[in-house]
>>> print(open('target_20.cif').read())   # mmCIF, C-alpha atoms
data_upload
#
loop_
_atom_site.group_PDB
_atom_site.id
_atom_site.type_symbol
_atom_site.label_atom_id
_atom_site.label_comp_id
_atom_site.auth_asym_id
_atom_site.auth_seq_id
_atom_site.Cartn_x
_atom_site.Cartn_y
_atom_site.Cartn_z
ATOM 1 C CA MET E 1 -94.690 9.027 -11.995
ATOM 2 C CA ILE E 2 -96.373 7.165 -14.866
ATOM 3 C CA GLN E 3 -93.860 8.641 -17.352
ATOM 4 C CA LEU E 4 -91.010 7.376 -15.163
ATOM 5 C CA CYS E 5 -92.551 3.883 -15.099
ATOM 6 C CA LYS E 6 -92.870 3.900 -18.895
ATOM 7 C CA LYS E 7 -89.200 4.872 -19.236
ATOM 8 C CA ILE E 8 -88.122 2.131 -16.826
ATOM 9 C CA LEU E 9 -90.197 -0.407 -18.758
ATOM 10 C CA LEU E 10 -88.596 0.653 -22.063
ATOM 11 C CA VAL E 11 -85.101 0.359 -20.557
ATOM 12 C CA CYS E 12 -85.977 -3.127 -19.251
ATOM 13 C CA LEU E 13 -87.238 -4.144 -22.679
ATOM 14 C CA PHE E 14 -84.123 -2.827 -24.430
ATOM 15 C CA ILE E 15 -81.802 -4.587 -22.013
ATOM 16 C CA GLY E 16 -83.827 -7.777 -22.303
ATOM 17 C CA LEU E 17 -83.479 -7.895 -26.059
ATOM 18 C CA ASN E 18 -79.697 -7.804 -25.774
ATOM 19 C CA SER E 19 -79.031 -9.839 -22.658
ATOM 20 C CA ILE E 20 -80.259 -12.594 -20.377
ATOM 21 C CA ALA E 21 -83.562 -12.779 -18.516
ATOM 22 C CA HIS E 22 -84.408 -14.965 -15.550
ATOM 23 C CA ALA E 23 -87.941 -16.364 -15.341
ATOM 24 C CA GLN E 24 -88.603 -16.444 -11.641
ATOM 25 C CA ILE E 25 -91.020 -17.798 -9.101
ATOM 26 C CA GLU E 26 -90.835 -17.291 -5.383
ATOM 27 C CA VAL E 27 -92.481 -17.776 -2.034
ATOM 28 C CA ALA E 28 -92.579 -14.552 -0.039
ATOM 29 C CA ARG E 29 -93.555 -13.312 3.412
ATOM 30 C CA LEU E 30 -94.924 -9.772 3.884
ATOM 31 C CA GLN E 31 -94.613 -8.268 7.371
ATOM 32 C CA SER E 32 -95.968 -4.902 8.465
ATOM 33 C CA LYS E 33 -97.416 -3.545 11.695
ATOM 34 C CA ASN E 34 -101.031 -4.416 10.848
ATOM 35 C CA PHE E 35 -100.714 -7.129 8.184
ATOM 36 C CA SER E 36 -98.625 -10.236 7.645
ATOM 37 C CA ALA E 37 -99.083 -13.076 5.201
ATOM 38 C CA THR E 38 -97.239 -15.631 3.126
ATOM 39 C CA GLY E 39 -97.756 -15.369 -0.617
ATOM 40 C CA PHE E 40 -96.314 -16.113 -4.014
ATOM 41 C CA GLY E 41 -94.623 -14.040 -6.656
ATOM 42 C CA ALA E 42 -93.364 -14.159 -10.207
ATOM 43 C CA PHE E 43 -91.246 -11.745 -12.201
ATOM 44 C CA LEU E 44 -88.672 -11.236 -14.896
ATOM 45 C CA ASN E 45 -85.150 -10.128 -14.088
ATOM 46 C CA PHE E 46 -83.115 -8.767 -16.997
ATOM 47 C CA GLY E 47 -79.345 -8.599 -16.702
ATOM 48 C CA PHE E 48 -76.676 -6.648 -18.548
ATOM 49 C CA THR E 49 -73.209 -8.138 -18.047
ATOM 50 C CA VAL E 50 -70.595 -5.603 -16.915
ATOM 51 C CA ASN E 51 -67.834 -8.222 -16.550
ATOM 52 C CA PRO E 52 -67.863 -11.986 -15.828
ATOM 53 C CA SER E 53 -68.578 -11.385 -12.112
ATOM 54 C CA ASP E 54 -70.948 -8.396 -12.269
ATOM 55 C CA VAL E 55 -74.397 -7.833 -13.757
ATOM 56 C CA ILE E 56 -76.626 -4.743 -13.690
ATOM 57 C CA SER E 57 -80.180 -6.027 -13.392
ATOM 58 C CA THR E 58 -83.658 -4.610 -13.884
ATOM 59 C CA GLU E 59 -86.683 -6.372 -12.571
ATOM 60 C CA ALA E 60 -90.470 -6.176 -12.737
ATOM 61 C CA GLY E 61 -92.804 -8.516 -10.923
ATOM 62 C CA LEU E 62 -95.872 -9.202 -8.858
ATOM 63 C CA TYR E 63 -96.399 -10.535 -5.315
ATOM 64 C CA VAL E 64 -99.828 -11.602 -4.051
ATOM 65 C CA PHE E 65 -100.595 -11.952 -0.335
ATOM 66 C CA ILE E 66 -103.907 -13.073 1.213
ATOM 67 C CA HIS E 67 -104.781 -13.205 4.910
ATOM 68 C CA ASP E 68 -108.347 -13.642 6.163
ATOM 69 C CA ASP E 69 -110.429 -11.381 3.897
ATOM 70 C CA ASN E 70 -107.551 -8.990 3.142
ATOM 71 C CA HIS E 71 -105.554 -8.980 -0.086
ATOM 72 C CA VAL E 72 -102.310 -7.214 -1.013
ATOM 73 C CA ALA E 73 -100.672 -7.150 -4.446
ATOM 74 C CA GLU E 74 -97.199 -5.625 -4.678
ATOM 75 C CA THR E 75 -95.598 -4.725 -8.018
ATOM 76 C CA PRO E 76 -91.890 -3.882 -7.635
ATOM 77 C CA LEU E 77 -89.826 -2.178 -10.353
ATOM 78 C CA LEU E 78 -86.203 -2.564 -9.286
ATOM 79 C CA ILE E 79 -82.628 -1.990 -10.412
ATOM 80 C CA GLY E 80 -79.842 -4.063 -8.869
ATOM 81 C CA TYR E 81 -76.165 -4.874 -9.108
ATOM 82 C CA ARG E 82 -75.358 -8.596 -8.763
ATOM 83 C CA HIS E 83 -71.764 -9.379 -7.837
ATOM 84 C CA LEU E 84 -70.481 -12.959 -7.926
ATOM 85 C CA LEU E 85 -68.094 -13.713 -5.084
ATOM 86 C CA THR E 86 -66.072 -15.988 -7.393
ATOM 87 C CA ALA E 87 -64.108 -15.325 -10.581
ATOM 88 C CA ASP E 88 -66.263 -17.827 -12.517
ATOM 89 C CA ASP E 89 -69.698 -17.336 -14.114
ATOM 90 C CA HIS E 90 -71.307 -19.277 -11.255
ATOM 91 C CA GLY E 91 -71.185 -19.392 -7.443
ATOM 92 C CA LEU E 92 -72.354 -17.303 -4.494
ATOM 93 C CA TYR E 93 -73.533 -13.751 -5.183
ATOM 94 C CA VAL E 94 -74.791 -10.644 -3.415
ATOM 95 C CA GLU E 95 -77.219 -8.166 -5.028
ATOM 96 C CA PRO E 96 -78.222 -4.787 -3.539
ATOM 97 C CA LEU E 97 -81.282 -3.235 -5.211
ATOM 98 C CA VAL E 98 -83.387 -0.074 -5.272
ATOM 99 C CA GLY E 99 -86.571 1.011 -7.007
ATOM 100 C CA TYR E 100 -90.246 1.642 -6.437
ATOM 101 C CA THR E 101 -93.059 -0.703 -5.414
ATOM 102 C CA PHE E 102 -96.691 -0.132 -6.366
ATOM 103 C CA SER E 103 -99.337 -1.596 -4.070
ATOM 104 C CA PHE E 104 -102.985 -2.553 -4.430
ATOM 105 C CA THR E 105 -104.983 -3.573 -1.355
ATOM 106 C CA ASP E 106 -108.512 -3.984 -0.090
ATOM 107 C CA ILE E 107 -107.484 -3.229 3.491
ATOM 108 C CA HIS E 108 -109.448 -0.253 4.801
ATOM 109 C CA LYS E 109 -107.850 2.735 6.501
ATOM 110 C CA THR E 110 -108.985 3.149 10.090
ATOM 111 C CA ASP E 111 -108.940 5.975 12.610
ATOM 112 C CA ALA E 112 -107.405 5.841 16.102
ATOM 113 C CA ASN E 113 -110.506 3.997 17.400
ATOM 114 C CA GLY E 114 -110.365 1.308 14.699
ATOM 115 C CA ASN E 115 -113.308 2.668 12.675
ATOM 116 C CA ASP E 116 -113.129 2.707 8.871
ATOM 117 C CA ILE E 117 -112.349 6.035 7.181
ATOM 118 C CA TYR E 118 -114.598 6.968 4.238
ATOM 119 C CA ASP E 119 -114.199 9.267 1.227
ATOM 120 C CA ALA E 120 -116.721 11.945 0.137
ATOM 121 C CA ASN E 121 -118.884 9.277 -1.582
ATOM 122 C CA LEU E 122 -118.987 7.183 1.619
ATOM 123 C CA ASN E 123 -116.716 4.473 0.164
ATOM 124 C CA PRO E 124 -114.088 3.055 2.513
ATOM 125 C CA ILE E 125 -110.569 4.268 1.710
ATOM 126 C CA ASP E 126 -108.032 1.497 1.094
ATOM 127 C CA ILE E 127 -104.500 1.803 2.455
ATOM 128 C CA LYS E 128 -101.525 2.035 0.113
ATOM 129 C CA MET E 129 -98.328 0.173 0.960
ATOM 130 C CA GLN E 130 -96.324 1.627 -1.908
ATOM 131 C CA GLY E 131 -93.189 3.699 -2.078
ATOM 132 C CA ALA E 132 -89.459 3.739 -2.640
ATOM 133 C CA THR E 133 -87.911 0.316 -2.141
ATOM 134 C CA ALA E 134 -84.467 -0.889 -1.077
ATOM 135 C CA GLY E 135 -83.252 -4.387 -0.459
ATOM 136 C CA LEU E 136 -80.546 -6.996 -0.552
ATOM 137 C CA GLY E 137 -80.458 -10.416 -2.125
ATOM 138 C CA PHE E 138 -77.969 -13.218 -2.010
ATOM 139 C CA GLY E 139 -77.888 -16.673 -3.470
ATOM 140 C CA TYR E 140 -76.148 -19.223 -5.621
ATOM 141 C CA LEU E 141 -75.910 -19.183 -9.418
ATOM 142 C CA PHE E 142 -75.350 -22.740 -10.679
ATOM 143 C CA ARG E 143 -73.002 -23.690 -13.498
ATOM 144 C CA GLN E 144 -74.649 -23.472 -16.923
ATOM 145 C CA SER E 145 -75.760 -26.855 -18.246
ATOM 146 C CA GLY E 146 -74.377 -28.149 -21.525
ATOM 147 C CA GLY E 147 -76.403 -29.284 -24.504
ATOM 148 C CA ASN E 148 -78.305 -27.591 -27.294
ATOM 149 C CA ILE E 149 -80.360 -25.466 -24.890
ATOM 150 C CA PRO E 150 -78.091 -24.373 -22.028
ATOM 151 C CA ILE E 151 -79.901 -23.619 -18.758
ATOM 152 C CA GLN E 152 -78.503 -21.856 -15.693
ATOM 153 C CA PHE E 153 -80.420 -22.177 -12.427
ATOM 154 C CA ASN E 154 -80.376 -19.645 -9.604
ATOM 155 C CA ILE E 155 -81.593 -19.998 -6.015
ATOM 156 C CA GLY E 156 -81.639 -17.012 -3.692
ATOM 157 C CA LEU E 157 -82.961 -15.233 -0.638
ATOM 158 C CA ARG E 158 -84.066 -11.614 -0.711
ATOM 159 C CA TYR E 159 -85.141 -8.878 1.696
ATOM 160 C CA GLU E 160 -87.017 -5.769 0.478
ATOM 161 C CA HIS E 161 -88.216 -2.790 2.519
ATOM 162 C CA VAL E 162 -90.885 -0.492 1.081
ATOM 163 C CA PHE E 163 -90.759 3.045 2.513
ATOM 164 C CA VAL E 164 -94.385 4.100 3.045
ATOM 165 C CA SER E 165 -95.633 7.374 4.499
ATOM 166 C CA GLY E 166 -98.786 7.332 6.592
ATOM 167 C CA TYR E 167 -98.834 3.573 7.152
ATOM 168 C CA SER E 168 -96.573 0.862 8.507
ATOM 169 C CA SER E 169 -93.834 0.085 5.971
ATOM 170 C CA PRO E 170 -93.907 -3.512 4.738
ATOM 171 C CA ASN E 171 -90.912 -5.819 4.738
ATOM 172 C CA ILE E 172 -90.821 -8.657 2.213
ATOM 173 C CA PHE E 173 -88.694 -11.764 2.714
ATOM 174 C CA SER E 174 -88.542 -14.222 -0.181
ATOM 175 C CA LEU E 175 -87.049 -17.482 -1.404
ATOM 176 C CA ARG E 176 -86.659 -17.510 -5.165
ATOM 177 C CA ILE E 177 -85.841 -20.086 -7.802
ATOM 178 C CA SER E 178 -85.114 -19.128 -11.401
ATOM 179 C CA HIS E 179 -83.466 -20.151 -14.627
ATOM 180 C CA ALA E 180 -81.955 -18.047 -17.389
ATOM 181 C CA LEU E 181 -83.690 -17.400 -20.693
ATOM 182 C CA ALA E 182 -81.374 -16.279 -23.511
ATOM 183 C CA PHE E 183 -82.469 -13.454 -25.818
ATOM 184 C CA GLY E 184 -80.596 -12.377 -28.898
ATOM 185 C CA ARG E 185 -77.170 -13.681 -29.682
ATOM 186 C CA ARG E 186 -74.640 -14.736 -27.049
ATOM 187 C CA ASP E 187 -71.006 -15.666 -27.485
#
>>> encode(input="target_20.cif", output="structure tokens")
Amino acid sequence: MIQLCKKILLVCLFIGLNSIAHAQIEVARLQSKNFSATGFGAFLNFGFTVNPSDVISTEAGLYVFIHDDNHVAETPLLIGYRHLLTADDHGLYVEPLVGYTFSFTDIHKTDANGNDIYDANLNPIDIKMQGATAGLGFGYLFRQSGGNIPIQFNIGLRYEHVFVSGYSSPNIFSLRISHALAFGRRD
């Protein structure tokens, strides 16, 4: 699994050096059977233009959720396909995505009676909310600004579902705002 993550990271880096990246921030809501919280996230989304209306994207990021004394950090590595619903380089878009989400929590596993489960060293075992991820995003890509440093803003909504075995699968709903960062040479 670590080798696969390294390969995905190298592909993201290669695409980023020859394309456009979006610096992103977002407010997100995590919902699962036993945990729900509102948190924040940040990530980079690299896009490779297929044609003026379509972009293949790769994305790496981090969400942080805190509720009471419980903490969840989600790190998604995703691949998507953004399709503009207009013939221009701006307008409404839809973006299905797939990938894998890594999770780090301090929420303890419990048995059927609600008692903590311990490992051989008598340390509580933390749950993992990680697994294959699928989702759908949609939003609006604004017209690129003029000037010496052109900026293109993006506002969107996204839903992600993380398929977890042995624990309730989390759903993440987010509102994101981003702007494009240009790398390399663009025509």
>>> closest_residue(input="target_20.cif", among="E:Asn70, E:Pro52, E:Arg176, E:Glu160", to="Ala87 of chain E", atoms="all atoms listed in the file")
E:Pro52
>>> closest_residue(input="target_20.cif", among="E:Arg143, E:His179, E:Lys109, E:His67", to="Gln24 of chain E", atoms="only C-alpha atoms")
E:His179
>>> residues_around(input="target_20.cif", residues="Ile125 of chain E", least_positions_apart="3", cutoff="10 Å", atoms="all atoms listed in the file", output="list of chain:residue names")
E:Asp106, E:Ile107, E:His108, E:Lys109, E:Thr110, E:Asp116, E:Ile117, E:Tyr118, E:Asp119, E:Ala120, E:Leu122, E:Lys128
>>> atom_distance(input="target_20.cif", atom1="atom CA of Tyr167 of chain E", atom2="atom CA of Thr133 of chain E")
14.7 Å
>>> resolve_selection(input="target_20.cif", expression="the PyMOL selection byres ((chain E and resi 66) around 12)", output="VMD selection string")
chain E and resid 28 to 30 35 to 40 63 to 65 67 to 74 104 to 107
>>> resolve_selection(input="target_20.cif", expression="the PyMOL selection byres ((chain E and resi 101) around 6)", output="PyMOL selection string")
chain E and resi 75-76+100+102+130-131
>>> atom_distance(input="target_20.cif", atom1="atom CA of Leu78 of chain E", atom2="atom CA of Val162 of chain E")
11.6 Å
>>> atom_distance(input="target_20.cif", atom1="atom CA of Phe46 of chain E", atom2="atom CA of Asn171 of chain E")
23.3 Å
>>> residues_around(input="target_20.cif", residues="Leu175 of chain E", least_positions_apart="6", cutoff="7 Å", atoms="all atoms listed in the file", output="VMD selection string")
chain E and resid 26 to 28 156 to 158
>>> closest_residue(input="target_20.cif", among="E:Val50, E:Val98, E:Ile151, E:Ile25", to="Gly80 of chain E", atoms="only C-alpha atoms")
E:Val98
>>> decode(input="target_20.cif", residues="segment 129-167 of chain E", atoms="N, CA and C atoms", output="PDB file, in the first residue's frame")
ATOM      1  N   MET E 129     -10.982   4.777  10.334  1.00  0.00           N
ATOM      2  CA  MET E 129     -12.048   5.112   9.390  1.00  0.00           C
ATOM      3  C   MET E 129     -11.425   5.347   8.021  1.00  0.00           C
ATOM      4  N   GLN E 130     -10.629   4.378   7.556  1.00  0.00           N
ATOM      5  CA  GLN E 130      -9.951   4.545   6.286  1.00  0.00           C
ATOM      6  C   GLN E 130     -10.378   3.455   5.324  1.00  0.00           C
ATOM      7  N   GLY E 131     -10.239   3.763   4.035  1.00  0.00           N
ATOM      8  CA  GLY E 131     -10.588   2.781   3.025  1.00  0.00           C
ATOM      9  C   GLY E 131     -10.766   3.426   1.666  1.00  0.00           C
ATOM     10  N   ALA E 132     -11.235   2.615   0.730  1.00  0.00           N
ATOM     11  CA  ALA E 132     -11.521   3.117  -0.614  1.00  0.00           C
ATOM     12  C   ALA E 132     -12.551   4.237  -0.520  1.00  0.00           C
ATOM     13  N   THR E 133     -12.425   5.215  -1.395  1.00  0.00           N
ATOM     14  CA  THR E 133     -13.275   6.399  -1.334  1.00  0.00           C
ATOM     15  C   THR E 133     -13.880   6.687  -2.696  1.00  0.00           C
ATOM     16  N   ALA E 134     -15.141   7.080  -2.706  1.00  0.00           N
ATOM     17  CA  ALA E 134     -15.814   7.516  -3.931  1.00  0.00           C
ATOM     18  C   ALA E 134     -16.626   8.756  -3.596  1.00  0.00           C
ATOM     19  N   GLY E 135     -16.799   9.614  -4.559  1.00  0.00           N
ATOM     20  CA  GLY E 135     -17.560  10.820  -4.290  1.00  0.00           C
ATOM     21  C   GLY E 135     -17.950  11.561  -5.545  1.00  0.00           C
ATOM     22  N   LEU E 136     -18.597  12.693  -5.322  1.00  0.00           N
ATOM     23  CA  LEU E 136     -19.062  13.536  -6.413  1.00  0.00           C
ATOM     24  C   LEU E 136     -18.995  14.987  -5.966  1.00  0.00           C
ATOM     25  N   GLY E 137     -18.440  15.810  -6.820  1.00  0.00           N
ATOM     26  CA  GLY E 137     -18.386  17.237  -6.540  1.00  0.00           C
ATOM     27  C   GLY E 137     -19.043  18.008  -7.667  1.00  0.00           C
ATOM     28  N   PHE E 138     -19.549  19.172  -7.330  1.00  0.00           N
ATOM     29  CA  PHE E 138     -20.032  20.074  -8.360  1.00  0.00           C
ATOM     30  C   PHE E 138     -19.828  21.491  -7.884  1.00  0.00           C
ATOM     31  N   GLY E 139     -19.720  22.409  -8.827  1.00  0.00           N
ATOM     32  CA  GLY E 139     -19.462  23.781  -8.435  1.00  0.00           C
ATOM     33  C   GLY E 139     -19.442  24.721  -9.617  1.00  0.00           C
ATOM     34  N   TYR E 140     -18.816  25.863  -9.387  1.00  0.00           N
ATOM     35  CA  TYR E 140     -18.729  26.890 -10.423  1.00  0.00           C
ATOM     36  C   TYR E 140     -17.281  27.363 -10.524  1.00  0.00           C
ATOM     37  N   LEU E 141     -16.741  27.332 -11.725  1.00  0.00           N
ATOM     38  CA  LEU E 141     -15.401  27.810 -12.023  1.00  0.00           C
ATOM     39  C   LEU E 141     -15.556  29.186 -12.667  1.00  0.00           C
ATOM     40  N   PHE E 142     -15.065  30.225 -11.976  1.00  0.00           N
ATOM     41  CA  PHE E 142     -15.217  31.596 -12.451  1.00  0.00           C
ATOM     42  C   PHE E 142     -14.281  31.892 -13.614  1.00  0.00           C
ATOM     43  N   ARG E 143     -14.621  32.915 -14.375  1.00  0.00           N
ATOM     44  CA  ARG E 143     -13.790  33.362 -15.486  1.00  0.00           C
ATOM     45  C   ARG E 143     -12.443  33.822 -14.935  1.00  0.00           C
ATOM     46  N   GLN E 144     -11.373  33.513 -15.656  1.00  0.00           N
ATOM     47  CA  GLN E 144     -10.030  33.898 -15.245  1.00  0.00           C
ATOM     48  C   GLN E 144      -9.886  35.414 -15.297  1.00  0.00           C
ATOM     49  N   SER E 145      -9.293  35.978 -14.228  1.00  0.00           N
ATOM     50  CA  SER E 145      -9.105  37.427 -14.185  1.00  0.00           C
ATOM     51  C   SER E 145      -7.989  37.833 -15.133  1.00  0.00           C
ATOM     52  N   GLY E 146      -8.019  39.067 -15.582  1.00  0.00           N
ATOM     53  CA  GLY E 146      -6.961  39.580 -16.446  1.00  0.00           C
ATOM     54  C   GLY E 146      -5.810  40.091 -15.601  1.00  0.00           C
ATOM     55  N   GLY E 147      -4.854  40.714 -16.227  1.00  0.00           N
ATOM     56  CA  GLY E 147      -3.732  41.289 -15.488  1.00  0.00           C
ATOM     57  C   GLY E 147      -2.478  40.456 -15.625  1.00  0.00           C
ATOM     58  N   ASN E 148      -1.429  40.905 -14.951  1.00  0.00           N
ATOM     59  CA  ASN E 148      -0.140  40.226 -15.009  1.00  0.00           C
ATOM     60  C   ASN E 148      -0.171  38.859 -14.344  1.00  0.00           C
ATOM     61  N   ILE E 149      -0.950  38.726 -13.271  1.00  0.00           N
ATOM     62  CA  ILE E 149      -1.065  37.446 -12.573  1.00  0.00           C
ATOM     63  C   ILE E 149      -2.529  37.011 -12.638  1.00  0.00           C
ATOM     64  N   PRO E 150      -2.893  36.241 -13.665  1.00  0.00           N
ATOM     65  CA  PRO E 150      -4.293  35.821 -13.790  1.00  0.00           C
ATOM     66  C   PRO E 150      -4.682  34.845 -12.683  1.00  0.00           C
ATOM     67  N   ILE E 151      -5.866  35.022 -12.129  1.00  0.00           N
ATOM     68  CA  ILE E 151      -6.373  34.166 -11.057  1.00  0.00           C
ATOM     69  C   ILE E 151      -7.747  33.659 -11.466  1.00  0.00           C
ATOM     70  N   GLN E 152      -8.006  32.369 -11.227  1.00  0.00           N
ATOM     71  CA  GLN E 152      -9.307  31.789 -11.502  1.00  0.00           C
ATOM     72  C   GLN E 152      -9.839  31.155 -10.217  1.00  0.00           C
ATOM     73  N   PHE E 153     -10.968  31.672  -9.738  1.00  0.00           N
ATOM     74  CA  PHE E 153     -11.564  31.167  -8.508  1.00  0.00           C
ATOM     75  C   PHE E 153     -12.545  30.047  -8.805  1.00  0.00           C
ATOM     76  N   ASN E 154     -12.728  29.174  -7.809  1.00  0.00           N
ATOM     77  CA  ASN E 154     -13.596  28.021  -7.914  1.00  0.00           C
ATOM     78  C   ASN E 154     -14.346  27.881  -6.591  1.00  0.00           C
ATOM     79  N   ILE E 155     -15.639  27.682  -6.644  1.00  0.00           N
ATOM     80  CA  ILE E 155     -16.421  27.394  -5.441  1.00  0.00           C
ATOM     81  C   ILE E 155     -17.211  26.127  -5.722  1.00  0.00           C
ATOM     82  N   GLY E 156     -17.218  25.197  -4.753  1.00  0.00           N
ATOM     83  CA  GLY E 156     -17.877  23.928  -5.014  1.00  0.00           C
ATOM     84  C   GLY E 156     -18.382  23.236  -3.765  1.00  0.00           C
ATOM     85  N   LEU E 157     -19.223  22.256  -4.002  1.00  0.00           N
ATOM     86  CA  LEU E 157     -19.742  21.367  -2.964  1.00  0.00           C
ATOM     87  C   LEU E 157     -19.293  19.958  -3.304  1.00  0.00           C
ATOM     88  N   ARG E 158     -18.994  19.163  -2.280  1.00  0.00           N
ATOM     89  CA  ARG E 158     -18.504  17.818  -2.528  1.00  0.00           C
ATOM     90  C   ARG E 158     -19.062  16.851  -1.496  1.00  0.00           C
ATOM     91  N   TYR E 159     -19.305  15.622  -1.956  1.00  0.00           N
ATOM     92  CA  TYR E 159     -19.686  14.507  -1.086  1.00  0.00           C
ATOM     93  C   TYR E 159     -18.670  13.382  -1.303  1.00  0.00           C
ATOM     94  N   GLU E 160     -18.144  12.823  -0.210  1.00  0.00           N
ATOM     95  CA  GLU E 160     -17.226  11.686  -0.277  1.00  0.00           C
ATOM     96  C   GLU E 160     -17.716  10.612   0.690  1.00  0.00           C
ATOM     97  N   HIS E 161     -17.641   9.359   0.251  1.00  0.00           N
ATOM     98  CA  HIS E 161     -17.982   8.225   1.109  1.00  0.00           C
ATOM     99  C   HIS E 161     -16.752   7.339   1.217  1.00  0.00           C
ATOM    100  N   VAL E 162     -16.343   7.051   2.449  1.00  0.00           N
ATOM    101  CA  VAL E 162     -15.182   6.193   2.691  1.00  0.00           C
ATOM    102  C   VAL E 162     -15.717   4.816   3.074  1.00  0.00           C
ATOM    103  N   PHE E 163     -15.336   3.791   2.305  1.00  0.00           N
ATOM    104  CA  PHE E 163     -15.790   2.426   2.552  1.00  0.00           C
ATOM    105  C   PHE E 163     -14.867   1.786   3.584  1.00  0.00           C
ATOM    106  N   VAL E 164     -15.413   1.557   4.787  1.00  0.00           N
ATOM    107  CA  VAL E 164     -14.645   1.046   5.918  1.00  0.00           C
ATOM    108  C   VAL E 164     -15.200  -0.305   6.321  1.00  0.00           C
ATOM    109  N   SER E 165     -14.319  -1.267   6.583  1.00  0.00           N
ATOM    110  CA  SER E 165     -14.794  -2.558   7.092  1.00  0.00           C
ATOM    111  C   SER E 165     -14.592  -2.591   8.606  1.00  0.00           C
ATOM    112  N   GLY E 166     -15.574  -3.101   9.309  1.00  0.00           N
ATOM    113  CA  GLY E 166     -15.459  -3.236  10.756  1.00  0.00           C
ATOM    114  C   GLY E 166     -15.865  -2.009  11.546  1.00  0.00           C
ATOM    115  N   TYR E 167     -16.272  -0.949  10.879  1.00  0.00           N
ATOM    116  CA  TYR E 167     -16.717   0.256  11.578  1.00  0.00           C
ATOM    117  C   TYR E 167     -17.654   1.012  10.645  1.00  0.00           C
TER     118      TYR E 167
END
